[in-house]
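S.K.: Contents of structure_23.cif (mmCIF, C-alpha atoms and all ligand atoms) are below:
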data_entry
loop_
_atom_site.label_atom_id
_atom_site.label_comp_id
_atom_site.auth_asym_id
_atom_site.auth_seq_id
_atom_site.Cartn_x
_atom_site.Cartn_y
_atom_site.Cartn_z
CA MET X 1 -3.89 -23.83 -4.88
CA GLU X 2 -1.86 -26.59 -6.46
CA ASP X 3 1.58 -27.01 -5.05
CA HIS X 4 3.40 -27.08 -8.39
CA ILE X 5 2.49 -23.40 -8.80
CA LEU X 6 3.51 -22.38 -5.29
CA SER X 7 6.54 -24.57 -4.65
CA PRO X 8 9.09 -22.76 -6.87
CA VAL X 9 8.13 -19.47 -5.21
CA LYS X 10 8.27 -21.04 -1.74
CA GLU X 11 11.75 -22.26 -2.56
CA LEU X 12 12.82 -18.79 -3.76
CA ILE X 13 11.49 -17.18 -0.58
CA SER X 14 13.36 -19.58 1.64
CA ARG X 15 16.69 -19.09 -0.08
CA SER X 16 16.58 -15.34 -0.85
CA LYS X 17 18.66 -13.07 1.36
CA ASN X 18 17.06 -9.90 0.06
CA ILE X 19 13.34 -9.58 -0.64
CA ALA X 20 11.27 -6.54 -1.59
CA VAL X 21 7.49 -6.60 -1.48
CA LEU X 22 5.12 -4.06 -3.01
CA THR X 23 1.54 -4.10 -1.78
CA GLY X 24 -1.64 -2.37 -2.87
CA ALA X 25 -5.25 -2.14 -1.77
CA GLY X 26 -5.89 -5.81 -2.61
CA ILE X 27 -3.95 -6.95 0.45
CA SER X 28 -6.39 -5.11 2.72
CA ALA X 29 -9.49 -6.20 0.79
CA GLU X 30 -9.86 -9.29 2.97
CA SER X 31 -9.85 -7.00 6.02
CA GLY X 32 -12.99 -5.39 4.61
CA ILE X 33 -11.37 -2.21 3.28
CA PRO X 34 -12.60 -1.33 -0.21
CA THR X 35 -10.08 -1.24 -3.05
CA PHE X 36 -9.98 1.68 -5.51
CA ARG X 37 -10.74 -0.01 -8.81
CA GLY X 38 -12.91 -2.91 -9.86
CA LYS X 39 -16.58 -3.56 -9.25
CA ASP X 40 -16.86 -2.28 -5.68
CA GLY X 41 -13.87 0.05 -5.95
CA LEU X 42 -13.94 3.49 -4.34
CA TRP X 43 -13.19 5.27 -7.62
CA ASN X 44 -16.23 3.59 -9.13
CA ASN X 45 -18.51 5.27 -6.64
CA TYR X 46 -16.63 8.49 -5.94
CA ARG X 47 -14.77 10.82 -8.26
CA ALA X 48 -11.09 10.88 -7.38
CA GLU X 49 -10.64 14.35 -8.86
CA GLU X 50 -13.28 15.74 -6.46
CA LEU X 51 -11.81 14.08 -3.38
CA ALA X 52 -8.15 13.25 -3.77
CA THR X 53 -6.40 16.15 -5.46
CA PRO X 54 -4.89 19.40 -4.12
CA GLU X 55 -7.38 21.32 -6.29
CA ALA X 56 -10.32 19.52 -4.67
CA PHE X 57 -8.98 20.41 -1.23
CA SER X 58 -8.57 24.10 -2.12
CA ARG X 59 -12.05 24.15 -3.63
CA ASP X 60 -13.96 22.30 -0.95
CA PRO X 61 -11.92 21.19 2.09
CA ARG X 62 -15.11 20.20 3.97
CA LEU X 63 -16.02 17.66 1.29
CA VAL X 64 -12.51 16.24 1.20
CA TRP X 65 -12.43 15.96 5.00
CA LYS X 66 -15.86 14.32 4.96
CA PHE X 67 -14.47 11.64 2.64
CA TYR X 68 -11.31 11.14 4.72
CA ASN X 69 -13.22 11.08 8.01
CA TRP X 70 -15.47 8.40 6.51
CA ARG X 71 -12.45 6.36 5.42
CA ARG X 72 -10.70 6.88 8.77
CA ALA X 73 -13.81 5.65 10.62
CA LEU X 74 -14.08 2.64 8.33
CA ILE X 75 -10.39 1.69 8.64
CA SER X 76 -10.44 2.20 12.43
CA LYS X 77 -12.90 -0.69 12.69
CA LYS X 78 -10.79 -3.10 10.61
CA SER X 79 -7.90 -5.34 11.56
CA TYR X 80 -4.95 -6.74 9.70
CA ASN X 81 -5.50 -10.08 7.99
CA ARG X 82 -3.53 -13.27 7.35
CA ALA X 83 -1.66 -11.74 4.41
CA HIS X 84 -0.37 -8.79 6.46
CA LYS X 85 0.62 -11.17 9.25
CA ALA X 86 2.43 -13.55 6.88
CA LEU X 87 4.51 -10.66 5.48
CA ALA X 88 5.50 -9.67 9.01
CA ILE X 89 6.63 -13.26 9.61
CA MET X 90 8.54 -13.25 6.31
CA GLU X 91 10.40 -10.10 7.42
CA ARG X 92 11.60 -11.83 10.59
CA ASN X 93 13.06 -14.71 8.59
CA VAL X 94 14.77 -12.90 5.71
CA PRO X 95 18.05 -11.00 6.31
CA HIS X 96 17.14 -7.97 4.16
CA PHE X 97 13.48 -7.27 3.73
CA THR X 98 11.66 -4.14 2.61
CA LEU X 99 7.93 -3.74 2.47
CA ILE X 100 6.82 -1.00 0.13
CA THR X 101 3.13 -0.19 0.31
CA GLN X 102 0.76 2.07 -1.56
CA ASN X 103 -1.75 1.64 1.24
CA VAL X 104 -2.42 4.36 3.77
CA ASP X 105 -4.26 2.17 6.30
CA GLY X 106 -1.25 1.34 8.50
CA LEU X 107 -2.28 -2.33 8.77
CA HIS X 108 1.18 -3.67 7.85
CA GLN X 109 2.68 -1.99 10.92
CA LYS X 110 -0.22 -3.19 13.08
CA ALA X 111 0.52 -6.75 11.91
CA GLY X 112 4.14 -6.35 13.05
CA SER X 113 6.00 -5.26 9.92
CA ARG X 114 8.93 -2.97 10.75
CA ASN X 115 10.69 -1.87 7.59
CA VAL X 116 7.73 -0.30 5.83
CA LEU X 117 7.95 2.41 3.17
CA GLU X 118 4.59 4.15 2.73
CA LEU X 119 4.67 5.56 -0.78
CA HIS X 120 1.29 7.28 -0.52
CA GLY X 121 1.47 8.42 3.10
CA ASN X 122 -0.71 7.36 6.01
CA ILE X 123 -4.34 8.14 6.71
CA TRP X 124 -3.61 8.72 10.40
CA LYS X 125 -1.13 11.45 9.58
CA VAL X 126 -2.23 15.08 9.34
CA ARG X 127 -0.24 18.05 8.07
CA CYS X 128 -0.81 21.78 8.48
CA ILE X 129 -1.12 23.58 5.17
CA GLU X 130 0.26 26.77 6.78
CA CYS X 131 3.24 25.68 8.89
CA ASN X 132 3.73 22.09 7.65
CA PHE X 133 3.54 20.70 11.19
CA GLU X 134 2.90 16.95 11.00
CA ASP X 135 1.11 14.90 13.58
CA ILE X 136 -0.35 11.43 14.03
CA ASP X 137 -3.95 11.43 15.18
CA GLU X 138 -5.90 8.19 15.29
CA THR X 139 -9.22 9.80 16.26
CA PRO X 140 -11.53 8.30 13.65
CA ASP X 141 -13.48 11.47 12.93
CA LEU X 142 -11.52 14.73 13.07
CA GLY X 143 -14.54 16.92 12.36
CA GLU X 144 -15.38 19.27 9.50
CA LEU X 145 -12.22 21.36 9.28
CA PRO X 146 -9.53 20.20 11.72
CA ARG X 147 -6.99 22.79 12.87
CA CYS X 148 -3.27 22.69 13.58
CA LYS X 149 -2.45 22.65 17.29
CA ARG X 150 0.69 24.75 16.65
CA CYS X 151 -0.60 27.61 14.51
CA GLY X 152 -4.34 27.11 14.05
CA GLY X 153 -3.95 26.60 10.28
CA LEU X 154 -6.06 24.15 8.34
CA LEU X 155 -4.91 20.53 8.52
CA ARG X 156 -4.92 18.21 5.51
CA PRO X 157 -4.67 14.42 5.40
CA GLY X 158 -1.06 13.21 5.32
CA VAL X 159 -1.56 11.25 2.14
CA VAL X 160 -0.34 11.73 -1.41
CA TRP X 161 -3.03 12.95 -3.78
CA PHE X 162 -3.29 12.67 -7.54
CA GLY X 163 -1.05 15.25 -9.14
CA GLU X 164 1.32 15.38 -6.14
CA SER X 165 4.84 14.03 -5.97
CA LEU X 166 5.84 11.23 -3.68
CA ASP X 167 8.25 11.96 -0.84
CA PRO X 168 11.58 11.81 -2.76
CA ASP X 169 13.42 10.16 0.12
CA ILE X 170 10.85 7.37 0.45
CA LEU X 171 10.76 6.84 -3.31
CA GLU X 172 14.54 6.67 -3.49
CA ARG X 173 14.65 4.10 -0.68
CA ALA X 174 11.97 2.07 -2.43
CA ILE X 175 13.82 2.08 -5.75
CA LYS X 176 17.05 1.09 -3.97
CA ALA X 177 15.32 -1.77 -2.15
CA CYS X 178 13.89 -3.08 -5.42
CA ARG X 179 17.21 -2.82 -7.24
CA GLU X 180 19.01 -4.65 -4.46
CA SER X 181 16.44 -7.40 -4.09
CA GLU X 182 16.85 -10.94 -5.36
CA LEU X 183 13.14 -11.54 -5.23
CA MET X 184 10.26 -9.12 -5.46
CA LEU X 185 6.63 -9.91 -4.67
CA VAL X 186 3.94 -7.62 -6.06
CA VAL X 187 0.74 -8.16 -4.12
CA GLY X 188 -2.81 -6.91 -4.61
CA THR X 189 -2.14 -3.91 -6.81
CA SER X 190 -3.70 -3.10 -10.17
CA SER X 191 -0.31 -1.65 -11.20
CA VAL X 192 -1.81 1.35 -12.95
CA VAL X 193 -0.54 4.12 -10.67
CA GLN X 194 3.01 5.36 -11.21
CA PRO X 195 5.71 5.41 -10.04
CA ALA X 196 4.71 2.48 -7.78
CA ALA X 197 3.72 0.23 -10.67
CA SER X 198 7.10 0.36 -12.36
CA LEU X 199 9.07 -0.55 -9.23
CA SER X 200 8.88 -4.21 -10.25
CA LEU X 201 10.75 -3.33 -13.45
CA GLU X 202 13.55 -1.76 -11.39
CA ALA X 203 13.88 -5.10 -9.64
CA LYS X 204 13.64 -7.18 -12.78
CA GLN X 205 16.15 -5.09 -14.72
CA ARG X 206 18.69 -5.73 -11.94
CA GLY X 207 18.13 -9.46 -12.13
CA ALA X 208 15.54 -10.08 -9.43
CA VAL X 209 12.87 -12.70 -9.86
CA VAL X 210 9.48 -10.95 -9.87
CA VAL X 211 6.27 -12.59 -8.71
CA GLU X 212 2.75 -11.19 -8.89
CA ILE X 213 0.03 -12.27 -6.48
CA ASN X 214 -3.36 -10.97 -7.57
CA LEU X 215 -6.90 -12.11 -8.29
CA GLU X 216 -6.47 -11.05 -11.90
CA ASP X 217 -4.04 -9.97 -14.62
CA THR X 218 -2.52 -6.49 -14.57
CA PRO X 219 -0.59 -4.48 -17.18
CA TYR X 220 2.61 -5.77 -15.53
CA SER X 221 1.69 -9.47 -15.45
CA ARG X 222 3.57 -10.12 -18.67
CA TYR X 223 6.88 -9.01 -17.11
CA MET X 224 6.49 -11.38 -14.19
CA ASP X 225 8.49 -14.56 -13.77
CA TYR X 226 5.57 -16.07 -11.84
CA THR X 227 1.97 -14.96 -11.59
CA ILE X 228 -0.07 -16.51 -8.81
CA ARG X 229 -3.80 -15.98 -9.13
CA GLY X 230 -5.79 -15.97 -5.92
CA LYS X 231 -6.37 -14.27 -2.61
CA ALA X 232 -3.36 -12.80 -0.85
CA GLY X 233 -4.73 -14.00 2.50
CA GLU X 234 -4.61 -17.58 1.30
CA ILE X 235 -1.47 -17.54 -0.83
CA ILE X 236 1.05 -15.65 1.32
CA PRO X 237 0.47 -17.75 4.48
CA GLU X 238 0.98 -20.83 2.32
CA LEU X 239 4.20 -19.41 0.86
CA ILE X 240 5.70 -18.93 4.33
CA SER X 241 4.14 -22.03 5.94
CA LYS X 242 7.54 -23.43 6.94
CA TRP X 243 8.04 -20.48 9.32
CA GLN X 244 4.68 -20.80 11.05
P1 LIG Z 1 -6.57 -0.97 -6.89
O1 LIG Z 1 -7.92 -0.87 -6.30
O2 LIG Z 1 -6.30 -0.21 -8.14
O3 LIG Z 1 -6.23 -2.49 -7.19
C1 LIG Z 1 -6.45 -3.51 -6.26
C2 LIG Z 1 -5.90 -4.79 -6.84
O4 LIG Z 1 -5.99 -5.80 -5.86
C3 LIG Z 1 -6.64 -5.31 -8.08
O5 LIG Z 1 -5.69 -5.63 -9.07
C4 LIG Z 1 -7.37 -6.57 -7.57
O6 LIG Z 1 -7.44 -7.57 -8.56
C5 LIG Z 1 -6.46 -6.99 -6.44
N1 LIG Z 1 -7.12 -7.74 -5.34
C6 LIG Z 1 -8.34 -7.50 -4.77
N2 LIG Z 1 -8.56 -8.34 -3.76
C7 LIG Z 1 -7.47 -9.14 -3.66
C8 LIG Z 1 -7.09 -10.21 -2.80
N3 LIG Z 1 -7.88 -10.63 -1.81
N4 LIG Z 1 -5.88 -10.79 -3.01
C9 LIG Z 1 -5.07 -10.38 -4.00
N5 LIG Z 1 -5.36 -9.38 -4.85
C10 LIG Z 1 -6.54 -8.76 -4.68
O7 LIG Z 1 -5.54 -0.58 -5.72
P2 LIG Z 1 -4.01 -0.11 -5.83
O8 LIG Z 1 -3.31 -0.83 -6.93
O9 LIG Z 1 -3.45 -0.18 -4.48
O10 LIG Z 1 -3.52 6.05 -4.64
O11 LIG Z 1 -4.19 1.40 -6.24
C11 LIG Z 1 -3.07 2.20 -6.37
C12 LIG Z 1 -3.34 3.59 -5.90
O12 LIG Z 1 -4.47 4.13 -6.58
C13 LIG Z 1 -3.73 3.71 -4.45
O13 LIG Z 1 -2.62 3.75 -3.58
C14 LIG Z 1 -4.47 5.00 -4.42
C15 LIG Z 1 -5.34 4.77 -5.61
O14 LIG Z 1 -5.91 5.89 -6.17
C16 LIG Z 1 -3.66 7.23 -4.10
O15 LIG Z 1 -4.59 7.51 -3.36
C17 LIG Z 1 -2.58 8.19 -4.49
#
So, in terms of structure tokens, how does the structure I just supplied come out?
Ligand code: OAD

M.R.:
Amino acid sequence: MEDHILSPVKELISRSKNIAVLTGAGISAESGIPTFRGKDGLWNNYRAEELATPEAFSRDPRLVWKFYNWRRALISKKSYNRAHKALAIMERNVPHFTLITQNVDGLHQKAGSRNVLELHGNIWKVRCIECNFEDIDETPDLGELPRCKRCGGLLRPGVVWFGESLDPDILERAIKACRESELMLVVGTSSVVQPAASLSLEAKQRGAVVVEINLEDTPYSRYMDYTIRGKAGEIIPELISKWQ
């Protein structure tokens, strides 16, 4: 990547006191975790409405659990990559830093990120549909119909499905972080799922500089102050190279 594209953003990162970052499946693609859209995307091969909606779970919880157990097993074998690591390093060097992610894989935390807002939940979380008890269970395969250890009710994955609302507290904190930021990086997301996609507008409307890092254009590219085209695992380490 030519330096005249990266150097203004490098400069912004090193002088900003408040940075917000939004990540999507693209940041974990280089770890070997499939994204949702695009050629090899999950929603190209599986129907989201049969696997990732409350209706699908009521209709056929076994099928939904089969899908989540498959994803849990896949993710359990993957590690964070250079992009996740570089964002953890950025956090340590910026006074106010918030990482907002749509990913449920937990790899940001594994790479050392601390202030992480998981908009769509976490694949290692389970929640009882009867008593709402929440637990973290990193066993890759939880079996056909996992049960609550408190009340014996059926457990569901602790993720946000299509048609469900985001946790209002997490969303509010994410919006606040974007509004207060001086610089916002939007990394590896197709920016088609709301409300996550419009977070960059919250930042921009309050005067932040917004930067998109993605392999390709998205519906939000035209609002960006800078668009950097390429792999997150190559670009983000370069952007923070002075701290490495
Ligand atoms: P998508 O699969 O929609 O988009 C992934 C984006 O990452 C695309 O824009 C790719 O161009 C980009 N990309 C792929 N590899 C990359 C790389 N190495 N470096 C940089 N960019 C790369 O994933 P999301 O935008 O995260 O929601 O999808 C949003 C939500 O839709 C997900 O959280 C999930 C899904 O359905 C729920 O499950 C609720």

S.K.: I'd like to know which of X:Leu63, X:Ile228, X:Ile19, X:Ile170 is closest to Arg92 (chain X), using all atoms listed in the file.

M.R.: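 Result for the nearest residue to Arg92 (chain X): X:Ile19.
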
S.K.: Considering all atoms listed in the file, state which residue in the set X:Asp217, X:Val21, X:Leu166, X:Glu202 is at the smallest distance from Met184 (chain X).

M.R.: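 Comparing X:Asp217, X:Val21, X:Leu166, X:Glu202 against Met184 (chain X), the winner is X:Val21.
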
S.K.: Taking only C-alpha atoms and all ligand atoms into account, which residues are within 7 Å of ligand LIG 1 (chain Z), as a ChimeraX atom specification?

M.R.: /X:23-27,29-30,35-38,41,52,102-103,120,160-162,187-193,213-216,218,230-233

S.K.: For a cut-off of 7 Å around (-6.3, 8.0, 11.9), file coordinates, pick out all residues using only C-alpha atoms and list them as a list in words.

M.R.: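 Residues with an atom close enough to that point: Arg72, Ile123, Trp124, Lys125, Asp137, Glu138, Thr139 and Pro140 of chain X.
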
S.K.: With all atoms listed in the file as the basis for distance, which of X:Lys110, X:Arg59, X:Arg71, X:Lys176 is at the shortest distance from Asn18 (chain X)?

M.R.: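 Distance minimum relative to Asn18 (chain X) lands on X:Lys176.
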
S.K.: In Å, with one decimal, what is the gap from CA of Met224 (chain X) to CA of Glu238 (chain X)?

M.R.: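 Interatomic distance here is 19.8 Å.
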
S.K.: X:Ala83, X:Ile175, X:Leu199, X:Phe57: which is nearest Leu155 (chain X), counting all atoms listed in the file?

M.R.: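 Among the listed residues, X:Phe57 lies closest to Leu155 (chain X).
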
S.K.: From the set X:Val9, X:Leu107, X:Ile100, X:Ala86, which residue has the shortest atom-to-atom contact distance to Gly32 (chain X), counting all atoms listed in the file?

M.R.: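 Counting all atoms listed in the file, the residue closest to Gly32 (chain X) is X:Leu107.
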
S.K.: Leaving out Arg114 (chain X) and any residue of its chain fewer than 6 positions from it, which residues lie within 9 Å of it when counting only C-alpha atoms, given as a PyMOL selection string?

M.R.: chain X and resi 88+91+98-99+108

S.K.: Report as JSON the centre and the edge lengths, in Å to one decimal, of the axis-aligned box holding every listed atom of region 165-179 of chain X, padded by 3 Å on each side.

M.R.:
{"center_x": 11.0, "center_y": 5.5, "center_z": -3.4, "size_x": 18.4, "size_y": 23.1, "size_z": 13.7}

S.K.: Fewer than 5 positions away in the same chain doesn't count, so skip those; otherwise give me all residues within 8 Å of region 204-210 of chain X, counting all atoms listed in the file, as a list in words.

M.R.: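 Residues meeting the cut-off are Arg179, Glu180, Ser181, Glu182, Leu183, Met184, Leu185, Val186, Tyr223, Met224, Asp225 and Tyr226 of chain X.
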
S.K.: I need the residue nearest Ala203 (chain X) from this list: X:Leu12, X:Leu154, X:Leu22, X:Ile5. Use all atoms listed in the file for the distance.

M.R.: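 Going through X:Leu12, X:Leu154, X:Leu22, X:Ile5 one by one, the smallest distance to Ala203 (chain X) is for X:Leu22.
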
S.K.: CA of Lys85 (chain X) to CA of Lys17 (chain X): how many Å, to one decimal?

M.R.: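 Distance between the two atoms: 19.8 Å.
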
S.K.: Quick check, in Å to one decimal: how far apart do CA of Ser200 (chain X) and CA of Gln244 (chain X) lie?

M.R.: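 Distance between the two atoms: 27.3 Å.
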
S.K.: Near Glu55 (chain X), counting all atoms listed in the file, which residues have an atom at most 12 Å away, once you skip same-chain residues fewer than 6 positions from it, shown as number ranges by chain?

M.R.: X: 48-49, 61, 64, 161-164

S.K.: Would you pick out the contacts of Lys149 (chain X) at 12 Å or less, using all atoms listed in the file, so that residues sharing its chain but fewer than 4 positions from it are not included, and give the list as a PyMOL selection string?

M.R.: chain X and resi 126-128+130-137+153-155
